[in-house]
file structure_38.cif (mmCIF, C-alpha atoms)
data_entry
loop_
_atom_site.group_PDB
_atom_site.id
_atom_site.type_symbol
_atom_site.label_atom_id
_atom_site.label_comp_id
_atom_site.auth_asym_id
_atom_site.auth_seq_id
_atom_site.Cartn_x
_atom_site.Cartn_y
_atom_site.Cartn_z
ATOM 1 C CA MET A 1 0.000 0.000 0.000
ATOM 2 C CA THR A 2 1.257 3.472 -0.897
ATOM 3 C CA HIS A 3 0.760 6.612 1.199
ATOM 4 C CA VAL A 4 0.094 4.503 4.295
ATOM 5 C CA GLY A 5 0.671 7.463 6.611
ATOM 6 C CA TYR A 6 -1.951 9.658 4.961
ATOM 7 C CA VAL A 7 -4.486 6.815 4.894
ATOM 8 C CA ALA A 8 -3.832 5.889 8.539
ATOM 9 C CA VAL A 9 -4.002 9.481 9.805
ATOM 10 C CA THR A 10 -7.199 10.200 7.842
ATOM 11 C CA TRP A 11 -9.066 7.138 9.093
ATOM 12 C CA GLY A 12 -7.602 7.301 12.604
ATOM 13 C CA LEU A 13 -8.359 10.977 13.093
ATOM 14 C CA SER A 14 -11.930 10.520 11.840
ATOM 15 C CA PHE A 15 -12.488 7.643 14.262
ATOM 16 C CA VAL A 16 -11.037 9.669 17.142
ATOM 17 C CA LEU A 17 -13.098 12.782 16.402
ATOM 18 C CA ILE A 18 -16.403 10.958 15.909
ATOM 19 C CA GLY A 19 -15.794 8.506 18.763
ATOM 20 C CA GLY A 20 -14.725 11.284 21.128
ATOM 21 C CA TYR A 21 -17.788 13.340 20.266
ATOM 22 C CA ALA A 22 -20.056 10.295 20.754
ATOM 23 C CA LEU A 23 -18.572 9.579 24.186
ATOM 24 C CA THR A 24 -18.952 13.235 25.180
ATOM 25 C CA LEU A 25 -22.607 13.150 24.121
ATOM 26 C CA VAL A 26 -23.310 10.016 26.144
ATOM 27 C CA ALA A 27 -21.624 11.535 29.215
ATOM 28 C CA ARG A 28 -23.570 14.812 28.857
ATOM 29 C CA GLY A 29 -26.782 12.827 28.455
ATOM 30 C CA ARG A 30 -26.132 10.836 31.638
ATOM 31 C CA LYS A 31 -25.321 13.968 33.631
ATOM 32 C CA LEU A 32 -28.375 15.891 32.414
ATOM 33 C CA SER A 33 -30.696 12.901 32.812
ATOM 34 C CA ARG A 34 -30.025 12.971 36.553
ATOM 35 C CA GLN A 35 -31.061 16.636 36.731
ATOM 36 C CA VAL A 36 -34.529 16.363 35.192
ATOM 37 C CA PRO A 37 -37.554 14.323 36.233
ATOM 38 C CA PRO A 38 -38.156 11.016 34.436
ATOM 39 C CA GLU A 39 -41.265 12.485 32.772
ATOM 40 C CA ALA A 40 -39.021 14.784 30.770
ATOM 41 C CA ARG A 41 -37.231 11.820 29.234
ATOM 42 C CA ARG A 42 -39.931 10.894 26.757
ATOM 43 C CA TRP A 43 -37.835 8.180 25.083
ATOM 44 C CA SER A 44 -37.944 5.831 28.065
ATOM 45 C CA MET B 1 -42.504 14.985 16.268
ATOM 46 C CA THR B 2 -44.710 14.175 19.226
ATOM 47 C CA ALA B 3 -41.686 13.386 21.347
ATOM 48 C CA ILE B 4 -40.495 16.987 21.197
ATOM 49 C CA ALA B 5 -43.666 18.723 22.318
ATOM 50 C CA PRO B 6 -43.265 20.518 25.628
ATOM 51 C CA ASP B 7 -44.481 18.660 28.676
ATOM 52 C CA PRO B 8 -47.986 20.046 29.330
ATOM 53 C CA THR B 9 -47.785 19.336 33.059
ATOM 54 C CA GLY B 10 -44.701 21.530 33.366
ATOM 55 C CA PRO B 11 -41.359 20.314 34.660
ATOM 56 C CA GLY B 12 -41.728 22.068 37.985
ATOM 57 C CA ARG B 13 -44.856 20.139 38.901
ATOM 58 C CA SER B 14 -43.347 16.914 37.603
ATOM 59 C CA ALA B 15 -40.309 17.490 39.751
ATOM 60 C CA ALA B 16 -42.469 18.076 42.785
ATOM 61 C CA ALA B 17 -44.225 14.781 42.179
ATOM 62 C CA SER B 18 -41.199 12.627 41.669
ATOM 63 C CA GLY B 19 -38.061 14.674 42.304
ATOM 64 C CA PRO B 20 -35.320 15.395 39.793
ATOM 65 C CA GLY B 21 -33.341 12.385 38.842
ATOM 66 C CA ALA B 22 -35.724 9.971 40.478
ATOM 67 C CA ALA B 23 -34.754 6.462 39.529
ATOM 68 C CA GLY B 24 -36.968 3.780 38.130
ATOM 69 C CA ALA B 25 -39.404 5.622 35.839
ATOM 70 C CA GLY B 26 -36.958 5.916 32.944
ATOM 71 C CA PRO B 27 -33.338 5.405 32.014
ATOM 72 C CA ALA B 28 -30.950 8.074 33.269
ATOM 73 C CA THR B 29 -29.400 8.241 29.805
ATOM 74 C CA THR B 30 -30.286 9.439 26.327
ATOM 75 C CA GLY B 31 -30.472 5.840 25.126
ATOM 76 C CA SER B 32 -33.580 3.875 24.189
ATOM 77 C CA PRO B 33 -34.176 0.464 22.576
ATOM 78 C CA GLY B 34 -34.482 2.170 19.187
ATOM 79 C CA SER B 35 -31.265 4.166 19.598
ATOM 80 C CA ARG B 36 -29.416 1.031 20.728
ATOM 81 C CA ALA B 37 -30.572 -0.842 17.617
ATOM 82 C CA LEU B 38 -29.471 2.128 15.503
ATOM 83 C CA GLY B 39 -26.105 2.161 17.277
ATOM 84 C CA ILE B 40 -25.532 -1.532 16.605
ATOM 85 C CA ALA B 41 -26.436 -1.043 12.928
ATOM 86 C CA ALA B 42 -24.072 1.946 12.755
ATOM 87 C CA LEU B 43 -21.201 -0.034 14.302
ATOM 88 C CA ALA B 44 -21.780 -2.915 11.865
ATOM 89 C CA ALA B 45 -21.805 -0.477 8.938
ATOM 90 C CA VAL B 46 -18.594 1.169 10.189
ATOM 91 C CA ALA B 47 -16.934 -2.273 10.404
ATOM 92 C CA LEU B 48 -18.071 -3.083 6.853
ATOM 93 C CA ALA B 49 -16.926 0.306 5.545
ATOM 94 C CA THR B 50 -13.527 -0.131 7.205
ATOM 95 C CA LEU B 51 -13.165 -3.606 5.684
ATOM 96 C CA TYR B 52 -14.059 -2.371 2.223
ATOM 97 C CA GLY B 53 -12.225 0.931 2.496
ATOM 98 C CA LEU B 54 -8.930 -0.416 3.819
ATOM 99 C CA ALA B 55 -8.792 -4.006 2.555
ATOM 100 C CA LEU B 56 -11.243 -5.047 -0.171
ATOM 101 C CA SER B 57 -11.182 -1.921 -2.331
ATOM 102 C CA PRO B 58 -8.420 -2.021 -4.931
ATOM 103 C CA ALA B 59 -6.055 0.903 -5.419
ATOM 104 C CA ASP B 60 -7.149 3.459 -8.020
ATOM 105 C CA VAL B 61 -5.272 3.507 -11.332
ATOM 106 C CA GLU B 62 -4.409 7.210 -11.005
ATOM 107 C CA MET B 63 -4.555 7.967 -7.265
ATOM 108 C CA GLY B 64 -3.290 4.652 -5.982
ATOM 109 C CA ASP B 65 -4.160 3.999 -2.333
ATOM 110 C CA LEU B 66 -5.019 7.652 -1.758
ATOM 111 C CA VAL B 67 -8.466 6.703 -3.049
ATOM 112 C CA ARG B 68 -9.031 5.243 0.431
ATOM 113 C CA LEU B 69 -9.219 8.820 1.747
ATOM 114 C CA MET B 70 -12.229 9.408 -0.472
ATOM 115 C CA TYR B 71 -14.281 6.836 1.475
ATOM 116 C CA VAL B 72 -14.061 9.094 4.547
ATOM 117 C CA HIS B 73 -13.823 12.549 2.958
ATOM 118 C CA VAL B 74 -16.839 12.463 0.603
ATOM 119 C CA PRO B 75 -19.362 10.905 3.049
ATOM 120 C CA SER B 76 -18.212 13.373 5.737
ATOM 121 C CA ALA B 77 -18.862 16.305 3.394
ATOM 122 C CA THR B 78 -22.323 14.919 2.643
ATOM 123 C CA ALA B 79 -23.031 14.526 6.374
ATOM 124 C CA CYS B 80 -22.004 18.157 6.877
ATOM 125 C CA TYR B 81 -24.482 19.244 4.184
ATOM 126 C CA LEU B 82 -27.155 17.105 5.851
ATOM 127 C CA GLY B 83 -26.523 18.775 9.211
ATOM 128 C CA CYS B 84 -26.821 22.216 7.585
ATOM 129 C CA PHE B 85 -30.033 21.184 5.822
ATOM 130 C CA ILE B 86 -31.529 20.004 9.120
ATOM 131 C CA THR B 87 -30.550 23.285 10.808
ATOM 132 C CA THR B 88 -32.037 25.420 8.041
ATOM 133 C CA ALA B 89 -35.271 23.394 7.862
ATOM 134 C CA ALA B 90 -35.653 23.307 11.660
ATOM 135 C CA SER B 91 -34.935 27.058 11.883
ATOM 136 C CA GLY B 92 -37.719 27.736 9.385
ATOM 137 C CA LEU B 93 -40.098 25.479 11.291
ATOM 138 C CA TRP B 94 -39.110 27.140 14.582
ATOM 139 C CA LEU B 95 -39.962 30.556 13.113
ATOM 140 C CA TRP B 96 -43.289 29.176 11.899
ATOM 141 C CA LYS B 97 -44.424 26.882 14.744
ATOM 142 C CA ARG B 98 -42.466 28.277 17.724
ATOM 143 C CA THR B 99 -42.285 24.850 19.378
ATOM 144 C CA PRO B 100 -38.994 24.407 21.266
ATOM 145 C CA GLY B 101 -38.223 21.036 19.710
ATOM 146 C CA TRP B 102 -37.425 22.668 16.365
ATOM 147 C CA ASP B 103 -34.947 25.018 18.043
ATOM 148 C CA VAL B 104 -33.276 22.074 19.768
ATOM 149 C CA LEU B 105 -33.131 20.164 16.468
ATOM 150 C CA ALA B 106 -31.602 23.179 14.700
ATOM 151 C CA GLY B 107 -28.820 23.323 17.287
ATOM 152 C CA ALA B 108 -28.205 19.579 17.045
ATOM 153 C CA GLY B 109 -27.924 19.736 13.242
ATOM 154 C CA ALA B 110 -25.457 22.624 13.400
ATOM 155 C CA GLU B 111 -23.215 20.900 15.943
ATOM 156 C CA LEU B 112 -23.053 17.776 13.793
ATOM 157 C CA GLY B 113 -22.527 19.942 10.710
ATOM 158 C CA LEU B 114 -19.507 21.498 12.425
ATOM 159 C CA LEU B 115 -18.100 18.106 13.444
ATOM 160 C CA PHE B 116 -18.311 16.781 9.897
ATOM 161 C CA VAL B 117 -17.087 19.966 8.212
ATOM 162 C CA VAL B 118 -13.976 19.804 10.420
ATOM 163 C CA ILE B 119 -13.441 16.170 9.368
ATOM 164 C CA THR B 120 -14.002 17.177 5.737
ATOM 165 C CA LEU B 121 -11.447 19.997 5.927
ATOM 166 C CA VAL B 122 -8.844 17.904 7.742
ATOM 167 C CA THR B 123 -9.182 14.859 5.490
ATOM 168 C CA GLY B 124 -9.254 17.120 2.437
ATOM 169 C CA SER B 125 -6.005 18.759 3.518
ATOM 170 C CA LEU B 126 -4.416 15.351 4.065
ATOM 171 C CA TRP B 127 -5.568 14.328 0.598
ATOM 172 C CA GLY B 128 -4.360 17.594 -0.947
ATOM 173 C CA ARG B 129 -0.758 17.287 0.270
ATOM 174 C CA PRO B 130 0.240 14.245 -1.833
ATOM 175 C CA THR B 131 -2.150 15.115 -4.696
ATOM 176 C CA TRP B 132 -1.696 18.886 -5.146
ATOM 177 C CA GLY B 133 1.556 19.286 -3.211
ATOM 178 C CA THR B 134 -0.001 21.475 -0.498
ATOM 179 C CA TYR B 135 -2.209 21.070 2.545
ATOM 180 C CA TRP B 136 -4.167 24.216 1.765
ATOM 181 C CA THR B 137 -4.831 26.544 -1.129
ATOM 182 C CA TRP B 138 -7.365 29.349 -1.470
ATOM 183 C CA ASP B 139 -9.340 27.354 -3.973
ATOM 184 C CA ALA B 140 -13.067 28.098 -4.424
ATOM 185 C CA ARG B 141 -14.249 24.792 -2.955
ATOM 186 C CA LEU B 142 -11.837 24.894 -0.012
ATOM 187 C CA THR B 143 -12.482 28.543 0.771
ATOM 188 C CA SER B 144 -16.269 28.210 0.600
ATOM 189 C CA THR B 145 -16.090 25.133 2.845
ATOM 190 C CA ALA B 146 -13.951 27.048 5.338
ATOM 191 C CA LEU B 147 -16.528 29.866 5.270
ATOM 192 C CA LEU B 148 -19.242 27.312 5.970
ATOM 193 C CA ALA B 149 -17.252 26.144 9.017
ATOM 194 C CA VAL B 150 -16.932 29.766 10.216
ATOM 195 C CA LEU B 151 -20.674 30.274 9.745
ATOM 196 C CA LEU B 152 -21.400 27.146 11.789
ATOM 197 C CA VAL B 153 -19.076 28.315 14.580
ATOM 198 C CA GLY B 154 -20.816 31.705 14.536
ATOM 199 C CA TYR B 155 -24.247 30.096 14.653
ATOM 200 C CA LEU B 156 -23.316 27.906 17.624
ATOM 201 C CA ALA B 157 -21.648 30.840 19.397
ATOM 202 C CA LEU B 158 -24.783 32.951 18.924
ATOM 203 C CA ARG B 159 -26.900 30.173 20.435
ATOM 204 C CA ARG B 160 -24.717 30.206 23.554
ATOM 205 C CA LEU B 161 -24.932 33.975 24.091
ATOM 206 C CA ASP B 162 -27.012 35.041 27.064
ATOM 207 C CA LEU B 163 -29.449 37.091 24.985
ATOM 208 C CA ASP B 164 -32.904 38.378 25.684
ATOM 209 C CA PRO B 165 -35.259 35.525 24.623
ATOM 210 C CA ASP B 166 -37.023 37.718 22.036
ATOM 211 C CA ALA B 167 -33.738 38.846 20.477
ATOM 212 C CA ARG B 168 -32.403 35.307 20.514
ATOM 213 C CA SER B 169 -35.493 33.842 18.864
ATOM 214 C CA ALA B 170 -35.234 36.471 16.123
ATOM 215 C CA ARG B 171 -31.507 36.299 15.358
ATOM 216 C CA VAL B 172 -30.509 32.665 15.796
ATOM 217 C CA PRO B 173 -32.962 31.124 13.273
ATOM 218 C CA ILE B 174 -32.135 33.814 10.698
ATOM 219 C CA LEU B 175 -28.491 32.737 10.805
ATOM 220 C CA GLY B 176 -29.672 29.114 10.608
ATOM 221 C CA LEU B 177 -31.587 29.902 7.441
ATOM 222 C CA LEU B 178 -28.359 31.135 5.818
ATOM 223 C CA LEU B 179 -26.618 27.764 6.097
ATOM 224 C CA MET B 180 -28.264 25.967 3.179
ATOM 225 C CA PRO B 181 -27.638 28.777 0.652
ATOM 226 C CA ASN B 182 -23.978 28.602 1.679
ATOM 227 C CA VAL B 183 -24.011 24.818 1.177
ATOM 228 C CA PHE B 184 -25.383 25.429 -2.326
ATOM 229 C CA ILE B 185 -22.448 27.777 -3.020
ATOM 230 C CA VAL B 186 -19.996 25.146 -1.726
ATOM 231 C CA SER B 187 -21.616 22.483 -3.881
ATOM 232 C CA ARG B 188 -21.606 24.597 -7.068
ATOM 233 C CA SER B 189 -18.217 26.236 -6.469
ATOM 234 C CA VAL B 190 -16.381 23.715 -8.652
ATOM 235 C CA GLU B 191 -18.734 24.555 -11.519
ATOM 236 C CA TRP B 192 -18.782 28.353 -11.093
ATOM 237 C CA TRP B 193 -15.068 28.975 -10.599
ATOM 238 C CA ARG B 194 -11.841 27.430 -11.842
ATOM 239 C CA SER B 195 -10.912 24.934 -9.172
ATOM 240 C CA LEU B 196 -8.219 22.433 -8.322
ATOM 241 C CA HIS B 197 -10.901 20.331 -6.705
ATOM 242 C CA GLN B 198 -12.434 17.639 -8.877
ATOM 243 C CA ARG B 199 -16.049 17.920 -9.972
ATOM 244 C CA ALA B 200 -18.851 15.703 -8.681
ATOM 245 C CA THR B 201 -17.965 12.034 -8.905
ATOM 246 C CA ILE B 202 -21.245 10.263 -8.437
ATOM 247 C CA THR B 203 -24.049 12.788 -8.649
ATOM 248 C CA THR B 204 -24.189 12.603 -12.442
ATOM 249 C CA LEU B 205 -25.875 9.823 -14.407
ATOM 250 C CA HIS B 206 -22.446 8.582 -15.487
ATOM 251 C CA PRO B 207 -20.398 8.159 -12.307
ATOM 252 C CA GLN B 208 -16.633 8.323 -12.689
ATOM 253 C CA ILE B 209 -16.019 5.330 -10.443
ATOM 254 C CA GLU B 210 -17.387 1.809 -10.574
ATOM 255 C CA GLY B 211 -16.939 -1.726 -9.289
ATOM 256 C CA ASP B 212 -15.378 -2.260 -5.870
ATOM 257 C CA LEU B 213 -14.435 1.414 -5.617
ATOM 258 C CA MET B 214 -18.106 2.328 -5.894
ATOM 259 C CA VAL B 215 -19.107 -0.382 -3.383
ATOM 260 C CA ALA B 216 -16.524 0.906 -0.893
ATOM 261 C CA LEU B 217 -17.769 4.480 -1.315
ATOM 262 C CA MET B 218 -21.377 3.372 -0.856
ATOM 263 C CA THR B 219 -20.537 1.466 2.342
ATOM 264 C CA GLY B 220 -18.782 4.638 3.507
ATOM 265 C CA PHE B 221 -21.959 6.615 2.850
ATOM 266 C CA LEU B 222 -24.047 4.008 4.676
ATOM 267 C CA ALA B 223 -21.745 4.011 7.709
ATOM 268 C CA VAL B 224 -21.512 7.792 7.986
ATOM 269 C CA THR B 225 -25.274 8.193 7.492
ATOM 270 C CA LEU B 226 -26.070 5.710 10.276
ATOM 271 C CA VAL B 227 -23.471 7.256 12.588
ATOM 272 C CA PHE B 228 -24.898 10.687 11.795
ATOM 273 C CA ALA B 229 -28.437 9.486 12.622
ATOM 274 C CA TRP B 230 -27.274 8.006 15.941
ATOM 275 C CA LEU B 231 -25.360 11.162 16.883
ATOM 276 C CA LEU B 232 -28.291 13.386 15.871
ATOM 277 C CA LEU B 233 -30.707 11.371 17.981
ATOM 278 C CA HIS B 234 -28.497 11.593 21.055
ATOM 279 C CA ARG B 235 -27.592 15.243 20.476
ATOM 280 C CA PHE B 236 -31.265 16.093 20.146
ATOM 281 C CA ARG B 237 -32.041 14.340 23.427
ATOM 282 C CA VAL B 238 -29.159 16.113 25.172
ATOM 283 C CA GLY B 239 -30.495 19.428 23.871
ATOM 284 C CA TRP B 240 -33.984 18.524 25.038
ATOM 285 C CA LEU B 241 -32.668 17.699 28.516
ATOM 286 C CA GLU B 242 -30.796 21.024 28.620
ATOM 287 C CA TYR B 243 -34.024 22.802 27.729
ATOM 288 C CA GLN B 244 -35.960 20.918 30.427
ATOM 289 C CA ALA B 245 -33.249 21.600 33.027
ATOM 290 C CA GLN B 246 -33.379 25.333 32.244
ATOM 291 C CA ARG B 247 -37.174 25.350 32.630
ATOM 292 C CA LEU B 248 -36.856 23.464 35.893
ATOM 293 C CA ASP B 249 -34.321 25.990 37.241
ATOM 294 C CA LEU B 250 -36.575 28.868 36.202
ATOM 295 C CA ASP B 251 -39.649 27.302 37.817
ATOM 296 C CA GLN B 252 -37.758 26.638 41.041
ATOM 297 C CA ALA B 253 -36.455 30.225 41.122
ATOM 298 C CA LEU B 254 -40.007 31.546 40.589
ATOM 299 C CA ASP B 255 -41.369 29.272 43.330
ATOM 300 C CA ALA B 256 -38.661 30.510 45.708
ATOM 301 C CA ARG B 257 -39.517 34.176 44.946
ATOM 302 C CA ARG B 258 -43.237 33.489 45.418
ATOM 303 C CA SER B 259 -42.687 31.786 48.761
ATOM 304 C CA GLU B 260 -40.450 34.680 49.889
ATOM 305 C CA ALA B 261 -43.133 37.174 48.870
ATOM 306 C CA GLY B 262 -45.800 35.098 50.661
ATOM 307 C CA ALA B 263 -43.737 34.973 53.860
ATOM 308 C CA GLY B 264 -43.220 38.737 53.703
ATOM 309 C CA ALA B 265 -46.975 39.394 53.303
ATOM 310 C CA SER B 266 -47.965 37.232 56.318
ATOM 311 C CA ARG B 267 -45.301 38.744 58.610
ATOM 312 C CA PRO B 268 -46.813 41.367 61.066
ATOM 313 C CA THR B 269 -45.987 44.987 60.224
ATOM 314 C CA GLY B 270 -44.340 47.436 62.654
ATOM 315 C CA ASP B 271 -47.678 49.191 63.455
ATOM 316 C CA GLU B 272 -49.336 45.879 64.335
ATOM 317 C CA GLU B 273 -46.447 45.094 66.704
ATOM 318 C CA VAL B 274 -46.833 48.506 68.446
ATOM 319 C CA ALA B 275 -50.635 48.069 68.822
ATOM 320 C CA LYS B 276 -50.074 44.788 70.634
#
call {"tool": "encode", "arguments": {"input": "structure_38.cif", "output": "structure tokens"}}
result
Amino acid sequence: MTHVGYVAVTWGLSFVLIGGYALTLVARGRKLSRQVPPEARRWS
Amino acid sequence: MTAIAPDPTGPGRSAAASGPGAAGAGPATTGSPGSRALGIAALAAVALATLYGLALSPADVEMGDLVRLMYVHVPSATACYLGCFITTAASGLWLWKRTPGWDVLAGAGAELGLLFVVITLVTGSLWGRPTWGTYWTWDARLTSTALLAVLLVGYLALRRLDLDPDARSARVPILGLLLMPNVFIVSRSVEWWRSLHQRATITTLHPQIEGDLMVALMTGFLAVTLVFAWLLLHRFRVGWLEYQAQRLDLDQALDARRSEAGAGASRPTGDEEVAK
């Protein structure tokens, strides 16, 4: 494979950015869910 | 959109009945059976896209293995456009209906639009270095995409400002409405101006790629679309919880002021004390 570095950085960075954002969202959701009554969480 | 209608009982009264964060009546997360199923489908699609993109797809005749960058770059750009479309549509619906769910959805779309425009710009720069010999050039497509990123940052910054609610509800959706016209400029920039960037690869009736390259790109689209849907769902729910928490704080502050005022009214005045 040619240009392995570019391919690895592109895929790796995309995984890190999207995965990091997803984890942040889950953490924010958990924190906020404890602050509001269960009735406000309509998806339960 | 029934799930985004405001709670008619009011969060303050709900809190009084059950207490914030009471356990048992619902999950203390933004997850649901549907979102978990979507997450599993997204992970499976990401695994498939990675397999195709890094292993099964052959190298391109001209670009060689750099074609593997396309499987991330192009779907990310499309996801960015999708986020902007959602923000513009939700901003219009917020101006029309004035239901808070549309405002929350507009913010969620813009945040995801920013995430994917950053990925698009970074992966595009990494692709540009070996292809054009530079990470960045003030090309029409690149510049208009950078302007779109700036507009998204501005939109999200405006949402966070502590504005008067009337001023906020007038200014924020107007900026949201400007996103899609800018996306149109980004999309047409390679047609309107001389550009280093290649023209559309698959939007025409005669796509310029085929075979396993096309399959790998399509799996990339599938994976990014499912990931986008999962992120949007969770971001919307986080935004909804933020909105509910703000209402709860406001209701509690109002209740505290009312009880203070009530206590003041029932307290005996100075004249009544003297008369006794």
call {"tool": "atom_distance", "arguments": {"input": "structure_38.cif", "atom1": "CA of Leu17 (chain A)", "atom2": "CA of Ser189 (chain B)"}}
result
27.0 Å
call {"tool": "resolve_selection", "arguments": {"input": "structure_38.cif", "expression": "the PyMOL selection byres ((chain A and resi 31) around 10)", "output": "list in words"}}
result
Leu25, Val26, Ala27, Arg28, Gly29, Arg30, Leu32, Ser33, Arg34, Gln35 and Val36 of chain A; Gly21, Ala28, Thr29, Thr30, Val238 and Leu241 of chain B
call {"tool": "write_last_selection", "arguments": {"input": "structure_38.cif", "atoms": "C-alpha atoms", "output": "mmCIF file, in the frame of the given file"}}
result
data_model
loop_
_atom_site.group_PDB
_atom_site.id
_atom_site.type_symbol
_atom_site.label_atom_id
_atom_site.label_comp_id
_atom_site.auth_asym_id
_atom_site.auth_seq_id
_atom_site.Cartn_x
_atom_site.Cartn_y
_atom_site.Cartn_z
ATOM 1 C CA LEU A 25 -22.607 13.150 24.121
ATOM 2 C CA VAL A 26 -23.310 10.016 26.144
ATOM 3 C CA ALA A 27 -21.624 11.535 29.215
ATOM 4 C CA ARG A 28 -23.570 14.812 28.857
ATOM 5 C CA GLY A 29 -26.782 12.827 28.455
ATOM 6 C CA ARG A 30 -26.132 10.836 31.638
ATOM 7 C CA LEU A 32 -28.375 15.891 32.414
ATOM 8 C CA SER A 33 -30.696 12.901 32.812
ATOM 9 C CA ARG A 34 -30.025 12.971 36.553
ATOM 10 C CA GLN A 35 -31.061 16.636 36.731
ATOM 11 C CA VAL A 36 -34.529 16.363 35.192
ATOM 12 C CA GLY B 21 -33.341 12.385 38.842
ATOM 13 C CA ALA B 28 -30.950 8.074 33.269
ATOM 14 C CA THR B 29 -29.400 8.241 29.805
ATOM 15 C CA THR B 30 -30.286 9.439 26.327
ATOM 16 C CA VAL B 238 -29.159 16.113 25.172
ATOM 17 C CA LEU B 241 -32.668 17.699 28.516
#
call {"tool": "residues_around", "arguments": {"input": "structure_38.cif", "residues": "Leu158 (chain B)", "least_positions_apart": "2", "cutoff": "9 Å", "atoms": "all atoms listed in the file", "output": "ChimeraX atom specification"}}
result
/B:153-156,160-163,168,171-172,175
call {"tool": "atom_distance", "arguments": {"input": "structure_38.cif", "atom1": "CA of Val16 (chain A)", "atom2": "CA of Leu115 (chain B)"}}
result
11.6 Å
call {"tool": "resolve_selection", "arguments": {"input": "structure_38.cif", "expression": "the PyMOL selection byres ((chain A and resi 10) around 8)", "output": "number ranges by chain"}}
result
A: 6-9, 11-14; B: 69, 72, 122-123, 126
call {"tool": "atom_distance", "arguments": {"input": "structure_38.cif", "atom1": "CA of Ser35 (chain B)", "atom2": "CA of Thr225 (chain B)"}}
result
14.1 Å
call {"tool": "closest_residue", "arguments": {"input": "structure_38.cif", "among": "B:Asp103, B:Asp212, B:Asp249, B:Glu111", "to": "Ile174 (chain B)", "atoms": "all atoms listed in the file"}}
result
B:Asp103
call {"tool": "residues_around", "arguments": {"input": "structure_38.cif", "residues": "Met70 (chain B)", "least_positions_apart": "2", "cutoff": "10 Å", "atoms": "only C-alpha atoms", "output": "list of chain:residue names"}}
result
A:Val7, A:Thr10, B:Gly53, B:Asp65, B:Leu66, B:Val67, B:Arg68, B:Val72, B:His73, B:Val74, B:Pro75, B:Ser76, B:Thr123, B:Gly124, B:Trp127, B:Leu213, B:Ala216, B:Leu217, B:Gly220
call {"tool": "build_atoms", "arguments": {"input": "structure_38.cif", "residues": "region 8-21 of chain A", "atoms": "N, CA and C atoms", "output": "CSV table (one decimal), in the coordinates of the input"}}
result
chain,number,residue,atom,x,y,z
A,8,ALA,N,-3.7,6.2,7.1
A,8,ALA,CA,-3.8,5.9,8.5
A,8,ALA,C,-4.3,7.1,9.3
A,9,VAL,N,-3.6,8.3,9.1
A,9,VAL,CA,-4.0,9.5,9.8
A,9,VAL,C,-5.4,9.9,9.5
A,10,THR,N,-5.8,9.8,8.2
A,10,THR,CA,-7.2,10.2,7.8
A,10,THR,C,-8.2,9.3,8.6
A,11,TRP,N,-8.1,8.0,8.5
A,11,TRP,CA,-9.1,7.1,9.1
A,11,TRP,C,-9.0,7.2,10.6
A,12,GLY,N,-7.8,7.3,11.1
A,12,GLY,CA,-7.6,7.3,12.6
A,12,GLY,C,-8.2,8.6,13.2
A,13,LEU,N,-7.9,9.7,12.6
A,13,LEU,CA,-8.4,11.0,13.1
A,13,LEU,C,-9.9,11.0,13.0
A,14,SER,N,-10.5,10.5,12.0
A,14,SER,CA,-11.9,10.5,11.8
A,14,SER,C,-12.6,9.7,12.9
A,15,PHE,N,-12.0,8.5,13.2
A,15,PHE,CA,-12.5,7.6,14.3
A,15,PHE,C,-12.4,8.4,15.6
A,16,VAL,N,-11.2,9.0,15.8
A,16,VAL,CA,-11.0,9.7,17.1
A,16,VAL,C,-12.0,10.8,17.3
A,17,LEU,N,-12.2,11.6,16.3
A,17,LEU,CA,-13.1,12.8,16.4
A,17,LEU,C,-14.6,12.3,16.6
A,18,ILE,N,-15.0,11.4,15.8
A,18,ILE,CA,-16.4,11.0,15.9
A,18,ILE,C,-16.6,10.2,17.2
A,19,GLY,N,-15.7,9.3,17.5
A,19,GLY,CA,-15.8,8.5,18.8
A,19,GLY,C,-15.7,9.4,20.0
A,20,GLY,N,-14.8,10.4,20.0
A,20,GLY,CA,-14.7,11.3,21.1
A,20,GLY,C,-16.0,12.1,21.3
A,21,TYR,N,-16.5,12.6,20.2
A,21,TYR,CA,-17.8,13.3,20.3
A,21,TYR,C,-18.9,12.5,20.8
